file my_file-v9.cif (mmCIF, C-alpha atoms)
data_input
loop_
_atom_site.label_atom_id
_atom_site.label_comp_id
_atom_site.auth_asym_id
_atom_site.auth_seq_id
_atom_site.Cartn_x
_atom_site.Cartn_y
_atom_site.Cartn_z
CA MET A 1342 -30.32 113.51 55.16
CA SER A 1343 -30.90 115.32 51.89
CA ARG A 1344 -33.96 114.15 49.97
CA THR A 1345 -34.68 115.17 46.38
CA ALA A 1346 -37.92 117.14 46.42
CA LEU A 1347 -40.81 115.87 44.29
CA ILE A 1348 -43.47 118.12 42.78
CA ALA A 1349 -46.24 115.82 41.54
CA GLY A 1350 -49.21 116.95 39.46
CA ASN A 1351 -52.39 114.90 39.86
CA TRP A 1352 -54.58 115.81 36.89
CA LYS A 1353 -57.53 113.75 38.20
CA MET A 1354 -60.25 113.32 35.52
CA ASN A 1355 -59.11 116.24 33.38
CA LEU A 1356 -57.41 116.62 29.97
CA ASP A 1357 -57.79 114.20 27.07
CA HIS A 1358 -54.72 112.79 25.34
CA LEU A 1359 -54.34 115.74 22.96
CA GLN A 1360 -54.63 118.23 25.82
CA ALA A 1361 -52.15 116.13 27.77
CA ILE A 1362 -49.56 116.41 25.01
CA ALA A 1363 -50.01 120.17 24.83
CA THR A 1364 -49.77 120.54 28.61
CA VAL A 1365 -46.60 118.48 28.95
CA GLN A 1366 -45.00 120.30 26.02
CA LYS A 1367 -45.80 123.69 27.54
CA LEU A 1368 -44.54 122.55 30.95
CA ALA A 1369 -41.29 121.29 29.45
CA TRP A 1370 -40.75 124.47 27.43
CA THR A 1371 -41.50 126.69 30.41
CA LEU A 1372 -39.03 124.83 32.61
CA LYS A 1373 -36.40 124.77 29.85
CA ASP A 1374 -36.68 128.53 29.37
CA ALA A 1375 -36.10 128.90 33.11
CA HIS A 1376 -33.01 126.64 32.96
CA TYR A 1377 -34.69 124.28 35.38
CA ASP A 1378 -32.55 121.88 37.42
CA TYR A 1379 -34.40 118.55 37.51
CA ASP A 1380 -31.69 117.08 39.73
CA GLY A 1381 -32.63 119.56 42.43
CA VAL A 1382 -36.42 119.14 42.27
CA GLU A 1383 -38.07 116.24 40.47
CA VAL A 1384 -41.23 116.93 38.46
CA ALA A 1385 -43.86 114.28 37.70
CA VAL A 1386 -47.33 114.33 36.18
CA PHE A 1387 -50.17 111.88 36.79
CA PRO A 1388 -52.54 111.90 33.79
CA PRO A 1389 -55.69 109.81 33.31
CA PHE A 1390 -55.13 106.28 32.00
CA THR A 1391 -56.17 107.23 28.44
CA ASP A 1392 -53.37 109.82 28.29
CA LEU A 1393 -50.51 107.68 29.53
CA ARG A 1394 -49.34 106.30 26.19
CA SER A 1395 -49.33 109.76 24.61
CA VAL A 1396 -47.41 111.26 27.52
CA GLN A 1397 -44.94 108.36 27.52
CA THR A 1398 -44.33 108.68 23.79
CA LEU A 1399 -43.75 112.44 24.04
CA ILE A 1400 -41.39 112.16 26.99
CA SER A 1401 -39.44 109.36 25.35
CA ALA A 1402 -39.24 110.95 21.88
CA ASP A 1403 -38.23 114.40 23.13
CA LYS A 1404 -36.03 113.00 25.92
CA LEU A 1405 -37.81 115.11 28.51
CA GLN A 1406 -36.75 114.86 32.13
CA ILE A 1407 -40.33 115.08 33.39
CA ARG A 1408 -41.47 111.81 34.93
CA PHE A 1409 -44.99 110.40 34.97
CA GLY A 1410 -47.22 108.00 36.81
CA ALA A 1411 -50.78 106.73 36.99
CA GLN A 1412 -53.57 107.77 39.32
CA ASP A 1413 -54.46 104.26 40.48
CA LEU A 1414 -53.81 100.57 39.87
CA SER A 1415 -55.42 97.24 40.64
CA GLU A 1416 -54.35 95.15 43.58
CA HIS A 1417 -54.50 92.22 41.13
CA ASP A 1418 -51.85 91.44 38.55
CA GLY A 1419 -54.32 90.36 35.84
CA GLY A 1420 -57.45 88.38 35.13
CA ALA A 1421 -61.21 88.90 35.13
CA TYR A 1422 -61.27 92.37 36.67
CA THR A 1423 -63.17 94.52 34.19
CA GLY A 1424 -62.08 98.13 34.21
CA ASP A 1425 -59.01 97.56 36.38
CA ILE A 1426 -55.45 98.34 35.33
CA SER A 1427 -52.55 96.09 36.30
CA GLY A 1428 -49.31 97.47 37.58
CA ALA A 1429 -47.63 95.34 34.92
CA PHE A 1430 -49.30 97.47 32.23
CA LEU A 1431 -48.08 100.67 33.85
CA LYS A 1432 -44.54 99.36 34.16
CA ALA A 1433 -44.58 98.39 30.47
CA LEU A 1434 -45.30 102.06 29.70
CA ASP A 1435 -42.24 103.12 31.74
CA ALA A 1436 -44.39 104.78 34.39
CA ALA A 1437 -42.31 105.62 37.44
CA TYR A 1438 -45.05 106.23 39.99
CA VAL A 1439 -48.63 105.39 40.84
CA ILE A 1440 -50.97 107.10 43.30
CA VAL A 1441 -52.73 104.81 45.77
CA GLY A 1442 -55.31 105.65 48.40
CA HIS A 1443 -56.17 109.17 47.29
CA SER A 1444 -58.90 110.61 49.49
CA GLU A 1445 -61.28 110.66 46.52
CA ARG A 1446 -60.73 106.93 45.99
CA ARG A 1447 -61.26 106.28 49.68
CA THR A 1448 -64.49 108.28 49.92
CA MET A 1449 -66.06 107.86 46.47
CA HIS A 1450 -64.97 104.28 45.79
CA GLY A 1451 -64.95 102.90 49.31
CA GLU A 1452 -61.29 101.96 49.35
CA THR A 1453 -60.31 100.71 52.79
CA ASP A 1454 -56.89 100.86 54.41
CA GLU A 1455 -56.50 97.17 53.56
CA ILE A 1456 -57.21 97.78 49.86
CA VAL A 1457 -54.72 100.64 49.85
CA ALA A 1458 -52.13 98.34 51.41
CA ALA A 1459 -52.82 95.67 48.77
CA LYS A 1460 -52.45 98.23 45.98
CA THR A 1461 -49.21 99.48 47.53
CA ALA A 1462 -47.89 95.93 47.52
CA ALA A 1463 -48.93 95.53 43.88
CA ALA A 1464 -47.10 98.70 42.91
CA VAL A 1465 -43.91 97.58 44.64
CA ARG A 1466 -44.25 94.12 43.09
CA HIS A 1467 -44.21 95.64 39.62
CA GLY A 1468 -41.33 98.05 40.21
CA LEU A 1469 -43.45 101.18 40.57
CA VAL A 1470 -43.03 103.71 43.35
CA PRO A 1471 -46.39 104.09 45.11
CA VAL A 1472 -47.45 107.54 46.27
CA VAL A 1473 -49.43 106.46 49.31
CA CYS A 1474 -52.05 109.06 50.23
CA VAL A 1475 -53.22 109.43 53.80
CA GLY A 1476 -55.31 112.18 55.31
CA GLU A 1477 -57.77 113.49 57.83
CA THR A 1478 -60.92 115.55 57.96
CA MET A 1479 -61.12 118.55 60.25
CA GLU A 1480 -63.44 116.50 62.45
CA ASP A 1481 -60.74 113.79 62.71
CA ARG A 1482 -58.11 116.35 63.64
CA THR A 1483 -60.28 118.08 66.23
CA ALA A 1484 -61.59 114.93 67.87
CA ARG A 1485 -58.50 112.74 67.83
CA GLY A 1486 -55.55 115.09 67.44
CA ALA A 1487 -53.20 116.04 64.64
CA GLY A 1488 -51.82 113.15 62.61
CA VAL A 1489 -53.63 110.33 64.42
CA VAL A 1490 -55.85 109.21 61.52
CA PRO A 1491 -53.18 109.58 58.79
CA VAL A 1492 -50.73 107.58 60.90
CA GLU A 1493 -53.32 104.86 61.43
CA GLN A 1494 -53.94 104.70 57.68
CA LEU A 1495 -50.22 104.50 56.92
CA GLN A 1496 -49.64 101.94 59.65
CA VAL A 1497 -51.77 99.38 57.79
CA VAL A 1498 -49.47 99.78 54.79
CA LEU A 1499 -46.31 99.60 56.89
CA ASP A 1500 -47.54 96.43 58.61
CA SER A 1501 -48.56 94.77 55.32
CA VAL A 1502 -45.71 95.62 52.97
CA ALA A 1503 -42.03 94.85 53.35
CA PRO A 1504 -39.80 97.96 53.56
CA ALA A 1505 -39.67 99.50 50.10
CA ASP A 1506 -39.22 102.73 48.20
CA ILE A 1507 -42.48 104.59 48.71
CA VAL A 1508 -43.62 108.21 48.75
CA VAL A 1509 -46.18 109.31 51.32
CA ALA A 1510 -48.60 112.15 50.60
CA TYR A 1511 -50.39 113.83 53.49
CA GLU A 1512 -53.77 115.23 52.48
CA PRO A 1513 -55.83 117.37 54.83
CA VAL A 1514 -59.16 116.40 53.28
CA TRP A 1515 -60.71 119.69 54.35
CA ALA A 1516 -58.15 121.62 52.25
CA ILE A 1517 -58.38 119.69 48.97
CA GLY A 1518 -59.89 121.88 46.27
CA SER A 1519 -61.04 124.42 48.84
CA GLY A 1520 -58.46 127.07 48.08
CA GLN A 1521 -57.67 127.07 51.80
CA ALA A 1522 -54.44 125.19 52.46
CA ALA A 1523 -53.29 123.94 55.82
CA THR A 1524 -50.66 126.10 57.45
CA ALA A 1525 -47.07 125.01 57.04
CA GLU A 1526 -46.96 124.31 60.76
CA GLN A 1527 -50.05 122.07 60.60
CA ALA A 1528 -48.63 120.17 57.65
CA GLN A 1529 -45.25 119.73 59.32
CA GLU A 1530 -46.90 118.36 62.46
CA ASP A 1531 -48.60 115.60 60.51
CA CYS A 1532 -45.66 114.87 58.21
CA SER A 1533 -43.35 114.56 61.20
CA ALA A 1534 -45.74 112.06 62.80
CA LEU A 1535 -45.81 110.05 59.57
CA ARG A 1536 -42.01 109.92 59.41
CA ARG A 1537 -41.86 108.71 63.00
CA ALA A 1538 -44.31 105.94 62.12
CA ILE A 1539 -42.09 104.83 59.23
CA GLN A 1540 -39.07 104.98 61.51
CA THR A 1541 -40.76 102.79 64.12
CA ALA A 1542 -42.04 100.24 61.60
CA TRP A 1543 -39.24 100.12 59.05
CA GLY A 1544 -36.24 101.64 60.83
CA ASP A 1545 -34.11 104.75 60.41
CA GLU A 1546 -32.49 103.63 57.16
CA ARG A 1547 -35.85 103.54 55.37
CA ALA A 1548 -37.50 106.47 57.15
CA ALA A 1549 -34.71 108.93 56.43
CA PRO A 1550 -34.86 108.80 52.59
CA THR A 1551 -38.66 108.43 52.33
CA ARG A 1552 -40.20 111.52 50.78
CA ILE A 1553 -43.33 112.92 52.37
CA LEU A 1554 -45.44 115.31 50.33
CA TYR A 1555 -48.11 117.81 51.29
CA GLY A 1556 -51.27 117.93 49.19
CA GLY A 1557 -54.14 120.35 49.57
CA SER A 1558 -54.69 123.62 47.66
CA VAL A 1559 -51.01 123.98 46.81
CA LYS A 1560 -50.10 126.94 44.59
CA SER A 1561 -47.04 128.97 43.68
CA GLY A 1562 -47.89 131.52 46.35
CA ASN A 1563 -47.70 129.07 49.26
CA ILE A 1564 -45.38 126.23 48.19
CA ALA A 1565 -42.21 127.83 49.54
CA SER A 1566 -43.60 128.00 53.06
CA PHE A 1567 -44.29 124.26 53.03
CA MET A 1568 -40.91 123.43 51.58
CA ARG A 1569 -39.11 125.19 54.44
CA GLU A 1570 -40.39 122.54 56.84
CA PRO A 1571 -37.94 119.71 57.63
CA ASP A 1572 -40.31 116.80 57.00
CA ILE A 1573 -42.02 118.09 53.86
CA ASP A 1574 -40.24 116.98 50.70
CA GLY A 1575 -42.58 118.17 47.99
CA ALA A 1576 -46.21 118.51 47.04
CA LEU A 1577 -49.03 116.55 45.46
CA VAL A 1578 -50.66 119.29 43.41
CA GLY A 1579 -54.22 119.01 42.14
CA GLY A 1580 -55.99 121.75 40.19
CA ALA A 1581 -52.94 123.98 39.89
CA SER A 1582 -51.10 121.24 37.96
CA LEU A 1583 -53.51 121.66 35.03
CA ASP A 1584 -52.01 125.08 34.33
CA ALA A 1585 -48.52 124.44 32.96
CA THR A 1586 -47.30 127.93 33.80
CA GLU A 1587 -48.54 127.76 37.39
CA PHE A 1588 -47.27 124.22 37.87
CA ALA A 1589 -43.85 125.25 36.58
CA ALA A 1590 -43.86 128.13 39.06
CA ILE A 1591 -44.63 125.68 41.88
CA ALA A 1592 -41.75 123.45 40.78
CA ARG A 1593 -39.48 126.51 40.82
CA TYR A 1594 -40.30 127.30 44.45
CA LYS A 1595 -36.61 127.83 45.23
CA HIS A 1596 -36.68 130.90 43.02
CA HIS A 1597 -39.51 132.41 45.07
CA VAL A 1598 -37.97 131.94 48.48
CA GLY A 1599 -34.94 129.75 49.08
CA ARG A 1600 -35.39 126.70 51.22
#
call {"tool": "encode", "arguments": {"input": "my_file-v9.cif", "output": "structure tokens"}}
result
Amino acid sequence: MSRTALIAGNWKMNLDHLQAIATVQKLAWTLKDAHYDYDGVEVAVFPPFTDLRSVQTLISADKLQIRFGAQDLSEHDGGAYTGDISGAFLKALDAAYVIVGHSERRTMHGETDEIVAAKTAAAVRHGLVPVVCVGETMEDRTARGAGVVPVEQLQVVLDSVAPADIVVAYEPVWAIGSGQAATAEQAQEDCSALRRAIQTAWGDERAAPTRILYGGSVKSGNIASFMREPDIDGALVGGASLDATEFAAIARYKHHVGR
């Protein structure tokens, strides 16, 4: 079935709220000048928490078609959890998405598959679409085979959460920030395995519309090759999303080479 592609920009811990406003404005202007079709390819940005209100206000006031989400949320709805952010707060800001289980959260903050599943459930509970990140190191891939570890990570989510609207992002950990992306064939192999896992756990009706993104050193020069693959429905873009011109070029991948 046809799935609307999603180009998602994860800003990580970059750009303060003033820089965020300038970046979103430049992105919107660049796409407008190119007569961008948001119905064909959805564009979303994921700023730091301190930027969210500024980005939401700009998008709302200027009626921009760019969507936005947060980079994380708490598994808890509220209470004595200093430093955590409830999904209820994000929903009140009209956030559409939230990233859960990014490889940096897993490795630097010790987030387990079970925590990622709990955060996914929290996102769904509050009407947010979770972008569930799964991935593998090169050692994982060599020792256990392509897609085995990402499927195991996703399986915990699929077993813990009732079928829902989610986005899955496959991250080859060895490619993130390295400048060396996986090949389109490698990415397709893993994304296909992830879709089969969704199909087995949640059925064809949920697997078919679920978007699966590739994330790992994505840039305008390689995005089209990924988007030709049948099970890749977009990209989770890191560093390149901080450059509005480059990010707009990634979103306009159809103008480089048609899918």
call {"tool": "atom_distance", "arguments": {"input": "my_file-v9.cif", "atom1": "CA of Phe1588 (chain A)", "atom2": "CA of Pro1571 (chain A)"}}
result
22.3 Å
call {"tool": "closest_atom_pairs", "arguments": {"input": "my_file-v9.cif", "of": "region 1512-1595 of chain A", "to": "region 1424-1443 of chain A", "cutoff": "12 Å", "atoms": "only C-alpha atoms", "output": "Markdown table"}}
result
| residue | atom | partner | partner_atom | distance |
| --- | --- | --- | --- | --- |
| A:Glu1512 | CA | A:His1443 | CA | 8.3 |
| A:Pro1513 | CA | A:His1443 | CA | 11.1 |
| A:Val1514 | CA | A:His1443 | CA | 9.9 |
| A:Ile1517 | CA | A:His1443 | CA | 10.9 |
| A:Gly1556 | CA | A:His1443 | CA | 10.2 |
| A:Gly1557 | CA | A:His1443 | CA | 11.6 |
| A:Leu1577 | CA | A:Ile1440 | CA | 9.9 |
| A:Gly1579 | CA | A:His1443 | CA | 11.3 |
call {"tool": "resolve_selection", "arguments": {"input": "my_file-v9.cif", "expression": "the PyMOL selection byres ((chain A and resi 1552) around 10)", "output": "MDAnalysis selection string"}}
result
chainID A and resid 1344:1347 1472 1506:1510 1532 1536 1548:1551 1553:1554 1572:1576
call {"tool": "write_last_selection", "arguments": {"input": "my_file-v9.cif", "atoms": "C-alpha atoms", "output": "CSV table (one decimal), in the coordinates of the input"}}
result
chain,number,residue,atom,x,y,z
A,1344,ARG,CA,-34.0,114.2,50.0
A,1345,THR,CA,-34.7,115.2,46.4
A,1346,ALA,CA,-37.9,117.1,46.4
A,1347,LEU,CA,-40.8,115.9,44.3
A,1472,VAL,CA,-47.4,107.5,46.3
A,1506,ASP,CA,-39.2,102.7,48.2
A,1507,ILE,CA,-42.5,104.6,48.7
A,1508,VAL,CA,-43.6,108.2,48.8
A,1509,VAL,CA,-46.2,109.3,51.3
A,1510,ALA,CA,-48.6,112.2,50.6
A,1532,CYS,CA,-45.7,114.9,58.2
A,1536,ARG,CA,-42.0,109.9,59.4
A,1548,ALA,CA,-37.5,106.5,57.2
A,1549,ALA,CA,-34.7,108.9,56.4
A,1550,PRO,CA,-34.9,108.8,52.6
A,1551,THR,CA,-38.7,108.4,52.3
A,1553,ILE,CA,-43.3,112.9,52.4
A,1554,LEU,CA,-45.4,115.3,50.3
A,1572,ASP,CA,-40.3,116.8,57.0
A,1573,ILE,CA,-42.0,118.1,53.9
A,1574,ASP,CA,-40.2,117.0,50.7
A,1575,GLY,CA,-42.6,118.2,48.0
A,1576,ALA,CA,-46.2,118.5,47.0
call {"tool": "atom_distance", "arguments": {"input": "my_file-v9.cif", "atom1": "CA of Thr1524 (chain A)", "atom2": "CA of Thr1483 (chain A)"}}
result
15.3 Å
call {"tool": "closest_residue", "arguments": {"input": "my_file-v9.cif", "among": "A:Phe1390, A:Trp1543, A:Tyr1594, A:Trp1370", "to": "Asn1351 (chain A)", "atoms": "all atoms listed in the file"}}
result
A:Phe1390
call {"tool": "resolve_selection", "arguments": {"input": "my_file-v9.cif", "expression": "the PyMOL selection byres ((chain A and resi 1398) around 12)", "output": "PyMOL selection string"}}
result
chain A and resi 1358+1361-1362+1365-1366+1392-1397+1399-1405+1408-1409+1434-1436
call {"tool": "atom_distance", "arguments": {"input": "my_file-v9.cif", "atom1": "CA of Gly1410 (chain A)", "atom2": "CA of Phe1387 (chain A)"}}
result
4.9 Å
call {"tool": "closest_residue", "arguments": {"input": "my_file-v9.cif", "among": "A:Asp1481, A:Ser1558, A:Gly1580, A:Ala1462", "to": "Asn1355 (chain A)", "atoms": "only C-alpha atoms"}}
result
A:Gly1580
call {"tool": "axis_aligned_box", "arguments": {"input": "my_file-v9.cif", "around": "region 1349-1354 of chain A", "padding_each_side": "6 Å", "output": "JSON"}}
result
{"center_x": -53.2, "center_y": 115.1, "center_z": 38.5, "size_x": 26.0, "size_y": 15.6, "size_z": 18.0}
call {"tool": "closest_residue", "arguments": {"input": "my_file-v9.cif", "among": "A:Met1568, A:Leu1583, A:Pro1471, A:Ala1589", "to": "Asp1357 (chain A)", "atoms": "all atoms listed in the file"}}
result
A:Leu1583
call {"tool": "residues_around", "arguments": {"input": "my_file-v9.cif", "residues": "Ala1463 (chain A)", "least_positions_apart": "4", "cutoff": "8 Å", "atoms": "only C-alpha atoms", "output": "compact mmCIF listing (two decimals) with C-alpha atoms, in the frame of the given file"}}
result
# COMPACT_ATOMS: atom_id res chain seq x y z
CA SER A 1415 -55.42 97.24 40.64
CA GLU A 1416 -54.35 95.15 43.58
CA HIS A 1417 -54.50 92.22 41.13
CA ASP A 1418 -51.85 91.44 38.55
CA GLY A 1428 -49.31 97.47 37.58
CA ALA A 1459 -52.82 95.67 48.77
CA HIS A 1467 -44.21 95.64 39.62
call {"tool": "closest_residue", "arguments": {"input": "my_file-v9.cif", "among": "A:Val1475, A:Ala1375, A:Leu1368, A:Val1384", "to": "Ala1592 (chain A)", "atoms": "only C-alpha atoms"}}
result
A:Val1384
call {"tool": "resolve_selection", "arguments": {"input": "my_file-v9.cif", "expression": "the PyMOL selection byres ((chain A and resi 1591) around 9)", "output": "compact mmCIF listing (two decimals) with C-alpha atoms, keeping the file's coordinate frame"}}
result
# COMPACT_ATOMS: atom_id res chain seq x y z
CA ILE A 1348 -43.47 118.12 42.78
CA VAL A 1559 -51.01 123.98 46.81
CA LYS A 1560 -50.10 126.94 44.59
CA SER A 1561 -47.04 128.97 43.68
CA GLY A 1562 -47.89 131.52 46.35
CA ASN A 1563 -47.70 129.07 49.26
CA ILE A 1564 -45.38 126.23 48.19
CA ALA A 1565 -42.21 127.83 49.54
CA ALA A 1576 -46.21 118.51 47.04
CA VAL A 1578 -50.66 119.29 43.41
CA ALA A 1581 -52.94 123.98 39.89
CA SER A 1582 -51.10 121.24 37.96
CA THR A 1586 -47.30 127.93 33.80
CA GLU A 1587 -48.54 127.76 37.39
CA PHE A 1588 -47.27 124.22 37.87
CA ALA A 1589 -43.85 125.25 36.58
CA ALA A 1590 -43.86 128.13 39.06
CA ALA A 1592 -41.75 123.45 40.78
CA ARG A 1593 -39.48 126.51 40.82
CA TYR A 1594 -40.30 127.30 44.45
CA LYS A 1595 -36.61 127.83 45.23
call {"tool": "closest_residue", "arguments": {"input": "my_file-v9.cif", "among": "A:Ala1523, A:Ile1539, A:Met1449, A:Leu1356", "to": "Ala1487 (chain A)", "atoms": "all atoms listed in the file"}}
result
A:Ala1523
call {"tool": "closest_residue", "arguments": {"input": "my_file-v9.cif", "among": "A:Gly1420, A:Ala1505, A:Glu1383, A:Pro1388", "to": "Glu1546 (chain A)", "atoms": "only C-alpha atoms"}}
result
A:Ala1505
call {"tool": "decode", "arguments": {"input": "my_file-v9.cif", "residues": "region 1374-1389 of chain A", "atoms": "N, CA and C atoms", "output": "compact mmCIF listing (two decimals), in the first residue's frame"}}
result
# COMPACT_ATOMS: atom_id res chain seq x y z
N ASP A 1374 9.48 28.23 -1.47
CA ASP A 1374 10.07 28.68 -2.74
C ASP A 1374 10.16 27.55 -3.75
N ALA A 1375 10.26 26.32 -3.24
CA ALA A 1375 10.36 25.15 -4.12
C ALA A 1375 8.98 24.54 -4.41
N HIS A 1376 7.91 25.23 -3.97
CA HIS A 1376 6.54 24.75 -4.17
C HIS A 1376 6.38 23.32 -3.64
N TYR A 1377 6.82 23.15 -2.42
CA TYR A 1377 6.88 21.82 -1.82
C TYR A 1377 5.49 21.25 -1.57
N ASP A 1378 5.33 19.95 -1.84
CA ASP A 1378 4.07 19.25 -1.64
C ASP A 1378 4.14 18.46 -0.33
N TYR A 1379 3.59 19.01 0.74
CA TYR A 1379 3.63 18.34 2.04
C TYR A 1379 2.75 17.09 2.06
N ASP A 1380 1.77 17.02 1.17
CA ASP A 1380 0.93 15.83 1.12
C ASP A 1380 1.70 14.63 0.58
N GLY A 1381 2.72 14.91 -0.21
CA GLY A 1381 3.51 13.83 -0.79
C GLY A 1381 4.58 13.31 0.15
N VAL A 1382 5.23 14.23 0.89
CA VAL A 1382 6.28 13.86 1.83
C VAL A 1382 6.13 14.75 3.07
N GLU A 1383 5.85 14.15 4.19
CA GLU A 1383 5.67 14.89 5.43
C GLU A 1383 7.04 15.30 6.00
N VAL A 1384 7.08 16.49 6.58
CA VAL A 1384 8.31 17.00 7.19
C VAL A 1384 8.04 17.31 8.65
N ALA A 1385 8.93 16.82 9.52
CA ALA A 1385 8.78 17.07 10.96
C ALA A 1385 10.14 17.37 11.57
N VAL A 1386 10.14 18.24 12.57
CA VAL A 1386 11.37 18.55 13.30
C VAL A 1386 11.20 18.16 14.76
N PHE A 1387 12.32 17.79 15.38
CA PHE A 1387 12.33 17.35 16.77
C PHE A 1387 13.33 18.19 17.55
N PRO A 1388 12.90 19.35 18.04
CA PRO A 1388 13.79 20.25 18.77
C PRO A 1388 13.97 19.81 20.22
N PRO A 1389 14.95 20.41 20.92
CA PRO A 1389 15.05 20.20 22.37
C PRO A 1389 13.79 20.71 23.08
